[in-house]
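The file data-v6.cif comes next; it holds mmCIF, C-alpha atoms.
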data_query
#
loop_
_atom_site.group_PDB
_atom_site.id
_atom_site.type_symbol
_atom_site.label_atom_id
_atom_site.label_comp_id
_atom_site.auth_asym_id
_atom_site.auth_seq_id
_atom_site.Cartn_x
_atom_site.Cartn_y
_atom_site.Cartn_z
ATOM 1 C CA MET A 10 1.402 -19.416 21.680
ATOM 2 C CA LYS A 11 2.682 -20.518 18.296
ATOM 3 C CA ILE A 12 2.404 -18.037 15.427
ATOM 4 C CA LYS A 13 0.147 -19.419 12.703
ATOM 5 C CA ALA A 14 -0.374 -16.417 10.427
ATOM 6 C CA ILE A 15 1.374 -13.322 9.105
ATOM 7 C CA LEU A 16 -0.605 -10.243 8.124
ATOM 8 C CA PHE A 17 0.977 -7.659 5.865
ATOM 9 C CA ASP A 18 0.229 -4.098 4.993
ATOM 10 C CA SER A 19 1.003 -3.727 1.290
ATOM 11 C CA GLY A 20 2.432 -0.292 0.569
ATOM 12 C CA ARG A 21 6.150 0.074 1.340
ATOM 13 C CA VAL A 22 6.173 -3.387 2.914
ATOM 14 C CA LEU A 23 5.575 -5.660 -0.074
ATOM 15 C CA ASN A 24 5.625 -3.071 -2.825
ATOM 16 C CA HIS A 25 6.629 0.499 -3.547
ATOM 17 C CA PRO A 26 5.490 3.170 -6.008
ATOM 18 C CA ARG A 27 7.686 2.721 -9.075
ATOM 19 C CA THR A 28 8.062 6.482 -9.507
ATOM 20 C CA GLY A 29 8.568 7.164 -5.813
ATOM 21 C CA ASN A 30 5.100 8.683 -5.447
ATOM 22 C CA TRP A 31 1.787 6.776 -5.384
ATOM 23 C CA PHE A 32 0.084 9.475 -7.431
ATOM 24 C CA ILE A 33 2.616 9.891 -10.228
ATOM 25 C CA PRO A 34 2.067 6.865 -12.511
ATOM 26 C CA PRO A 35 4.809 5.260 -14.659
ATOM 27 C CA ASN A 36 3.827 6.964 -17.917
ATOM 28 C CA PHE A 37 3.233 10.422 -16.470
ATOM 29 C CA ASN A 38 6.093 12.130 -18.324
ATOM 30 C CA ASN A 39 5.155 10.538 -21.634
ATOM 31 C CA ILE A 40 1.505 11.479 -21.243
ATOM 32 C CA VAL A 41 2.211 15.143 -20.510
ATOM 33 C CA ASN A 42 4.677 15.203 -23.439
ATOM 34 C CA VAL A 43 7.443 16.754 -21.402
ATOM 35 C CA LYS A 44 10.828 15.068 -21.761
ATOM 36 C CA ASN A 45 12.509 16.785 -18.859
ATOM 37 C CA ILE A 46 10.153 18.122 -16.215
ATOM 38 C CA LYS A 47 11.887 20.728 -14.083
ATOM 39 C CA ILE A 48 12.369 20.139 -10.390
ATOM 40 C CA SER A 49 10.303 23.254 -9.736
ATOM 41 C CA ASN A 50 7.400 21.692 -11.642
ATOM 42 C CA TYR A 51 7.614 18.510 -9.561
ATOM 43 C CA ILE A 52 7.564 20.560 -6.367
ATOM 44 C CA LEU A 53 4.407 22.309 -7.565
ATOM 45 C CA ILE A 54 2.891 18.953 -8.601
ATOM 46 C CA LEU A 55 3.570 17.500 -5.156
ATOM 47 C CA LYS A 56 1.880 20.499 -3.536
ATOM 48 C CA ALA A 57 -1.098 20.038 -5.852
ATOM 49 C CA ILE A 58 -1.225 16.316 -5.010
ATOM 50 C CA LYS A 59 -1.373 17.179 -1.320
ATOM 51 C CA LYS A 60 -4.281 19.538 -1.939
ATOM 52 C CA ALA A 61 -6.121 17.076 -4.206
ATOM 53 C CA SER A 62 -5.650 14.302 -1.635
ATOM 54 C CA LYS A 63 -8.196 16.064 0.560
ATOM 55 C CA TYR A 64 -10.771 15.175 -2.087
ATOM 56 C CA LEU A 65 -9.831 11.496 -1.842
ATOM 57 C CA ASP A 66 -10.006 11.605 1.951
ATOM 58 C CA GLU A 67 -13.607 12.791 1.735
ATOM 59 C CA GLN A 68 -14.767 9.882 -0.421
ATOM 60 C CA LYS A 69 -16.681 6.885 0.844
ATOM 61 C CA ILE A 70 -15.579 3.289 0.485
ATOM 62 C CA VAL A 71 -14.477 2.504 -3.081
ATOM 63 C CA LEU A 72 -15.448 -1.019 -4.115
ATOM 64 C CA THR A 73 -14.575 -1.363 -7.801
ATOM 65 C CA GLU A 74 -11.821 -0.346 -10.184
ATOM 66 C CA GLU A 75 -14.410 1.629 -12.143
ATOM 67 C CA GLU A 76 -15.200 3.700 -9.046
ATOM 68 C CA GLU A 77 -11.487 4.046 -8.366
ATOM 69 C CA PHE A 78 -10.920 5.397 -11.891
ATOM 70 C CA LYS A 79 -13.797 7.854 -11.516
ATOM 71 C CA HIS A 80 -12.292 9.292 -8.327
ATOM 72 C CA PHE A 81 -8.796 9.529 -9.760
ATOM 73 C CA LEU A 82 -10.162 11.286 -12.818
ATOM 74 C CA GLN A 83 -11.544 13.982 -10.522
ATOM 75 C CA PHE A 84 -8.334 13.900 -8.473
ATOM 76 C CA TYR A 85 -6.183 14.797 -11.483
ATOM 77 C CA LYS A 86 -8.677 17.408 -12.660
ATOM 78 C CA ILE A 87 -8.124 19.157 -9.336
ATOM 79 C CA ILE A 88 -4.355 18.942 -9.834
ATOM 80 C CA ALA A 89 -4.669 20.320 -13.379
ATOM 81 C CA GLU A 90 -6.438 23.396 -12.019
ATOM 82 C CA GLU A 91 -3.476 24.183 -9.767
ATOM 83 C CA PRO A 92 -0.462 26.300 -10.924
ATOM 84 C CA ILE A 93 1.855 23.368 -11.656
ATOM 85 C CA GLY A 94 3.480 24.980 -14.689
ATOM 86 C CA ILE A 95 2.075 22.326 -17.029
ATOM 87 C CA ASN A 96 -1.139 22.647 -18.990
ATOM 88 C CA LEU A 97 -3.019 19.336 -19.000
ATOM 89 C CA THR A 98 -5.740 18.619 -21.534
ATOM 90 C CA GLU A 99 -8.812 16.565 -20.683
ATOM 91 C CA GLN A 100 -7.360 13.680 -22.707
ATOM 92 C CA GLN A 101 -4.087 13.838 -20.768
ATOM 93 C CA ILE A 102 -5.974 13.882 -17.468
ATOM 94 C CA PHE A 103 -7.914 10.826 -18.641
ATOM 95 C CA GLU A 104 -4.708 8.995 -19.605
ATOM 96 C CA ILE A 105 -2.972 9.826 -16.306
ATOM 97 C CA ALA A 106 -5.941 8.537 -14.305
ATOM 98 C CA LYS A 107 -6.064 5.420 -16.474
ATOM 99 C CA ASP A 108 -2.333 4.810 -15.967
ATOM 100 C CA THR A 109 -2.735 5.230 -12.203
ATOM 101 C CA VAL A 110 -5.516 2.670 -11.942
ATOM 102 C CA TYR A 111 -4.909 0.130 -14.695
ATOM 103 C CA ASN A 112 -1.122 0.003 -15.119
ATOM 104 C CA ASP A 113 0.211 -2.932 -13.076
ATOM 105 C CA ARG A 114 3.728 -1.497 -13.348
ATOM 106 C CA LYS A 115 2.753 1.306 -10.977
ATOM 107 C CA PHE A 116 3.910 -0.948 -8.143
ATOM 108 C CA LEU A 117 7.426 -2.285 -7.828
ATOM 109 C CA PHE A 118 7.836 -5.559 -5.933
ATOM 110 C CA PRO A 119 11.376 -6.192 -4.613
ATOM 111 C CA ASN A 120 12.841 -9.520 -5.723
ATOM 112 C CA GLU A 121 12.843 -10.713 -2.127
ATOM 113 C CA VAL A 122 9.025 -10.653 -2.106
ATOM 114 C CA PHE A 123 8.869 -13.324 -4.812
ATOM 115 C CA GLN A 124 11.327 -15.459 -2.858
ATOM 116 C CA ILE A 125 10.094 -15.061 0.707
ATOM 117 C CA ILE A 126 6.292 -14.947 0.335
ATOM 118 C CA PRO A 127 6.012 -18.421 -1.318
ATOM 119 C CA LYS A 128 8.382 -19.802 1.316
ATOM 120 C CA LEU A 129 6.438 -18.308 4.232
ATOM 121 C CA SER A 130 3.163 -19.615 2.802
ATOM 122 C CA GLU A 131 4.426 -23.177 3.272
ATOM 123 C CA ASN A 132 4.358 -22.838 7.063
ATOM 124 C CA TYR A 133 2.074 -19.903 7.782
ATOM 125 C CA LYS A 134 -1.272 -18.553 6.656
ATOM 126 C CA LEU A 135 -0.731 -15.207 4.951
ATOM 127 C CA GLY A 136 -3.058 -12.235 4.738
ATOM 128 C CA ILE A 137 -3.147 -8.674 3.427
ATOM 129 C CA VAL A 138 -4.644 -5.983 5.669
ATOM 130 C CA SER A 139 -4.321 -2.700 3.833
ATOM 131 C CA ASP A 140 -6.358 0.454 3.406
ATOM 132 C CA THR A 141 -5.874 0.961 -0.302
ATOM 133 C CA TRP A 142 -7.669 0.906 -3.644
ATOM 134 C CA PRO A 143 -9.352 -2.069 -5.387
ATOM 135 C CA SER A 144 -6.800 -2.344 -8.214
ATOM 136 C CA LEU A 145 -4.226 -3.628 -5.716
ATOM 137 C CA GLU A 146 -5.717 -7.120 -5.770
ATOM 138 C CA ARG A 147 -5.490 -7.236 -9.576
ATOM 139 C CA VAL A 148 -1.837 -6.199 -9.413
ATOM 140 C CA PHE A 149 -1.111 -8.993 -6.915
ATOM 141 C CA ARG A 150 -2.958 -11.496 -9.093
ATOM 142 C CA ASN A 151 -1.077 -10.539 -12.245
ATOM 143 C CA ALA A 152 2.218 -10.561 -10.362
ATOM 144 C CA GLY A 153 1.536 -14.189 -9.372
ATOM 145 C CA LEU A 154 1.381 -13.364 -5.661
ATOM 146 C CA ARG A 155 -2.338 -13.362 -4.885
ATOM 147 C CA ARG A 156 -2.533 -17.158 -4.554
ATOM 148 C CA TYR A 157 -0.251 -17.125 -1.528
ATOM 149 C CA PHE A 158 -2.662 -15.033 0.552
ATOM 150 C CA SER A 159 -5.633 -16.771 2.151
ATOM 151 C CA SER A 160 -7.099 -13.438 3.227
ATOM 152 C CA PHE A 161 -7.039 -10.158 1.310
ATOM 153 C CA VAL A 162 -8.761 -7.432 3.310
ATOM 154 C CA MET A 163 -8.893 -3.936 1.861
ATOM 155 C CA SER A 164 -10.949 -1.048 3.152
ATOM 156 C CA SER A 165 -10.576 0.601 -0.270
ATOM 157 C CA LYS A 166 -10.940 4.133 0.975
ATOM 158 C CA LEU A 167 -8.642 6.276 -1.145
ATOM 159 C CA GLY A 168 -6.110 8.516 0.486
ATOM 160 C CA VAL A 169 -6.109 6.721 3.837
ATOM 161 C CA ASN A 170 -3.543 4.324 5.235
ATOM 162 C CA LYS A 171 -5.015 3.287 8.587
ATOM 163 C CA PRO A 172 -6.114 -0.352 8.890
ATOM 164 C CA ASN A 173 -8.988 -0.396 11.373
ATOM 165 C CA GLU A 174 -10.173 -2.954 13.919
ATOM 166 C CA LEU A 175 -12.791 -4.426 11.581
ATOM 167 C CA MET A 176 -10.154 -5.105 8.923
ATOM 168 C CA PHE A 177 -8.012 -7.018 11.414
ATOM 169 C CA THR A 178 -10.905 -9.017 12.854
ATOM 170 C CA THR A 179 -12.115 -9.862 9.350
ATOM 171 C CA ALA A 180 -8.699 -11.232 8.448
ATOM 172 C CA LEU A 181 -8.514 -13.250 11.674
ATOM 173 C CA GLU A 182 -11.947 -14.750 11.029
ATOM 174 C CA GLU A 183 -11.080 -15.661 7.448
ATOM 175 C CA LEU A 184 -7.850 -17.305 8.575
ATOM 176 C CA LYS A 185 -9.603 -18.957 11.550
ATOM 177 C CA ILE A 186 -6.981 -17.885 14.065
ATOM 178 C CA LYS A 187 -6.783 -15.993 17.355
ATOM 179 C CA PRO A 188 -5.120 -12.550 17.591
ATOM 180 C CA GLU A 189 -2.184 -13.936 19.559
ATOM 181 C CA GLU A 190 -1.521 -16.441 16.772
ATOM 182 C CA ALA A 191 -0.770 -13.698 14.245
ATOM 183 C CA ILE A 192 1.796 -11.011 13.570
ATOM 184 C CA PHE A 193 1.240 -7.854 11.537
ATOM 185 C CA ILE A 194 3.935 -6.077 9.520
ATOM 186 C CA ASP A 195 3.592 -2.422 8.557
ATOM 187 C CA ASP A 196 5.854 0.560 7.912
ATOM 188 C CA ASN A 197 3.613 2.802 10.020
ATOM 189 C CA GLU A 198 4.300 2.654 13.738
ATOM 190 C CA LYS A 199 0.783 3.746 14.724
ATOM 191 C CA ASN A 200 -0.719 0.886 12.713
ATOM 192 C CA VAL A 201 1.640 -1.573 14.382
ATOM 193 C CA GLU A 202 0.606 -0.260 17.787
ATOM 194 C CA GLY A 203 -3.043 -0.556 16.751
ATOM 195 C CA ALA A 204 -2.547 -4.232 15.953
ATOM 196 C CA LYS A 205 -0.874 -4.799 19.330
ATOM 197 C CA VAL A 206 -3.894 -3.311 21.114
ATOM 198 C CA LEU A 207 -5.973 -6.096 19.558
ATOM 199 C CA GLY A 208 -3.518 -8.743 20.757
ATOM 200 C CA ILE A 209 -1.707 -9.140 17.428
ATOM 201 C CA GLU A 210 2.065 -8.958 17.607
ATOM 202 C CA GLY A 211 3.230 -5.982 15.530
ATOM 203 C CA ILE A 212 6.439 -5.661 13.552
ATOM 204 C CA LEU A 213 7.618 -2.361 12.127
ATOM 205 C CA MET A 214 9.239 -2.283 8.693
ATOM 206 C CA SER A 215 11.857 0.413 9.098
ATOM 207 C CA LYS A 216 15.283 1.309 7.773
ATOM 208 C CA GLN A 217 16.228 1.899 11.392
ATOM 209 C CA MET A 218 17.295 -1.021 13.548
ATOM 210 C CA TYR A 219 14.593 -0.181 16.074
ATOM 211 C CA SER A 220 11.663 2.098 16.664
ATOM 212 C CA ARG A 221 12.884 5.286 18.308
ATOM 213 C CA ALA A 222 9.437 6.164 19.669
ATOM 214 C CA ASN A 223 8.710 2.731 21.059
ATOM 215 C CA GLU A 224 11.598 0.312 21.509
ATOM 216 C CA LYS A 225 9.168 -2.412 22.617
ATOM 217 C CA ILE A 226 8.118 -2.867 18.996
ATOM 218 C CA PHE A 227 10.030 -5.396 16.933
ATOM 219 C CA SER A 228 11.643 -3.793 13.895
ATOM 220 C CA ILE A 229 12.957 -5.249 10.639
ATOM 221 C CA ARG A 230 14.676 -3.496 7.751
ATOM 222 C CA ASN A 231 13.504 -5.914 5.076
ATOM 223 C CA LEU A 232 11.564 -9.156 4.589
ATOM 224 C CA ASN A 233 14.719 -11.238 4.839
ATOM 225 C CA GLU A 234 14.729 -10.617 8.600
ATOM 226 C CA ILE A 235 11.258 -12.061 9.215
ATOM 227 C CA GLU A 236 12.356 -15.660 9.655
ATOM 228 C CA ALA A 237 14.762 -14.762 12.454
ATOM 229 C CA ILE A 238 11.939 -13.088 14.394
ATOM 230 C CA LEU A 239 9.578 -16.005 13.762
ATOM 231 C CA LYS A 240 12.094 -18.430 15.276
ATOM 232 C CA ASP A 241 12.038 -16.427 18.509
ATOM 233 C CA ALA A 242 8.259 -15.938 18.509
#
Starting from the coordinates I provided, produce the structure as structure tokens.
Amino acid sequence: MKIKAILFDSGRVLNHPRTGNWFIPPNFNNIVNVKNIKISNYILILKAIKKASKYLDEQKIVLTEEEEFKHFLQFYKIIAEEPIGINLTEQQIFEIAKDTVYNDRKFLFPNEVFQIIPKLSENYKLGIVSDTWPSLERVFRNAGLRRYFSSFVMSSKLGVNKPNELMFTTALEELKIKPEEAIFIDDNEKNVEGAKVLGIEGILMSKQMYSRANEKIFSIRNLNEIEAILKDA
């Protein structure tokens, strides 16, 4: 059956954390007033982030940017209580949380996204299926990309990256297509397999030429390779 729609996960498929970590916002160093943070401090910060992430995992669905900010404020308070080698004031914690939620520069979109997404939208319906936070849609809108997606489904549960069945079916209903008429692109192999269970063709975004665990899954290294797969679909 002909492919009519392409569903995308967002993180590490269409965008990446500018700093290399989703929880270290662009202005982190400036906010903490440390010009050169030692590697040892970053290691401690990453450990603290892992611990604080448990708090995010326990939260219910987050629907607004205001709720998102509230949770990240608590998230960074937890980090500040850990032995990270940096003393953070309440004002600094506030500014870090604000930068995480409201700074559009937190996400870096590769140039190819701005070239390929508009082109794909001419022949296919496009959708986002991503378990992420509400501010993502604002970032897409301000980047000029939101208009290319006819469906934008987010579970908005912080700390989790596992699109569920309801998210996929919601996107299919909004796009008015059958599962076999869509493909889903993600950098997480389990999510790709989950889409395939529902009848959606899954494509893994990977630096490897193929999936080592499951060679039956199509694999691409970047968005430029999508068109070649679509021709064979």
Separation of atom CA of A:Ile137 and atom CA of A:Ser160, in Å? 6.2 Å
Coordinates-based distance that separates atom CA of A:Asn36 from atom CA of A:Gln100 (Å, one decimal): 13.9 Å
Rounded to one decimal in Å, what is the spacing between atom CA of A:Lys187 and atom CA of A:Val71?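 Straight-line distance from atom CA of A:Lys187 to atom CA of A:Val71 works out to 28.6 Å.
Between A:Trp142 and the residues A:Ser164, A:Asn24, A:Ser130, A:Asn200, the shortest atom-to-atom distance, using only C-alpha atoms, involves A:Ser164.
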A:Ile70, A:Ile93, A:Ile194, A:Phe161: which is nearest A:Ile238, counting only C-alpha atoms? A:Ile194
So, counting all atoms listed in the file, which residue among A:Ile12, A:Ile226, A:Ile48, A:Ala204 is closest to A:Lys240? A:Ile12
So that I can check the surroundings of A:Ala152, please list as an NGL selection string every protein, DNA and RNA residue that reaches within 9 Å of it, counting all atoms listed in the file and ignoring chain neighbours fewer than 3 positions away. :A and (113 or 118 or 147-149 or 155)
Could you tell me which residues the PyMOL selection byres ((chain A and resi 159) around 12) grabs in this file, written as JSON, numbers by chain? {"A": [14, 15, 16, 17, 130, 131, 133, 134, 135, 136, 137, 138, 154, 155, 156, 157, 158, 160, 161, 162, 179, 180, 181, 182, 183, 184, 185]}
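If you measure from each of A:Glu146, A:Glu236, A:Glu90, A:Glu198 to A:Glu74 using only C-alpha atoms, the closest one turns out to be A:Glu146.
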Given the PyMOL selection byres ((chain A and resi 50) around 12), the residues it picks as an MDAnalysis selection string: chainID A and resid 38 43 45:49 51:57 91:96
Taking (0.5, 14.7, -25.5) in the coordinates of the supplied file, I want to know which residues reach to within 10 Å of it, counting only C-alpha atoms; could you give the answer as a ChimeraX atom specification? /A:38-43,97-98,100-101,104
Write out as lines of an AutoDock Vina configuration file an axis-aligned box for stretch 112-125 of chain A: all of its atoms listed in the file, 3 Å added on each side, centre and edge lengths in Å with one decimal.
center_x = 5.9
center_y = -7.1
center_z = -7.2
size_x = 20.0
size_y = 22.8
size_z = 21.8
Hits of the PyMOL selection byres ((chain A and resi 28) around 12) in this structure, as a ChimeraX atom specification: /A:24-27,29-38,109,114-117
Selected residues written out, C-alpha atoms, as a CSV table (one decimal), keeping the file's coordinate frame:
chain,number,residue,atom,x,y,z
A,24,ASN,CA,5.6,-3.1,-2.8
A,25,HIS,CA,6.6,0.5,-3.5
A,26,PRO,CA,5.5,3.2,-6.0
A,27,ARG,CA,7.7,2.7,-9.1
A,29,GLY,CA,8.6,7.2,-5.8
A,30,ASN,CA,5.1,8.7,-5.4
A,31,TRP,CA,1.8,6.8,-5.4
A,32,PHE,CA,0.1,9.5,-7.4
A,33,ILE,CA,2.6,9.9,-10.2
A,34,PRO,CA,2.1,6.9,-12.5
A,35,PRO,CA,4.8,5.3,-14.7
A,36,ASN,CA,3.8,7.0,-17.9
A,37,PHE,CA,3.2,10.4,-16.5
A,38,ASN,CA,6.1,12.1,-18.3
A,109,THR,CA,-2.7,5.2,-12.2
A,114,ARG,CA,3.7,-1.5,-13.3
A,115,LYS,CA,2.8,1.3,-11.0
A,116,PHE,CA,3.9,-0.9,-8.1
A,117,LEU,CA,7.4,-2.3,-7.8
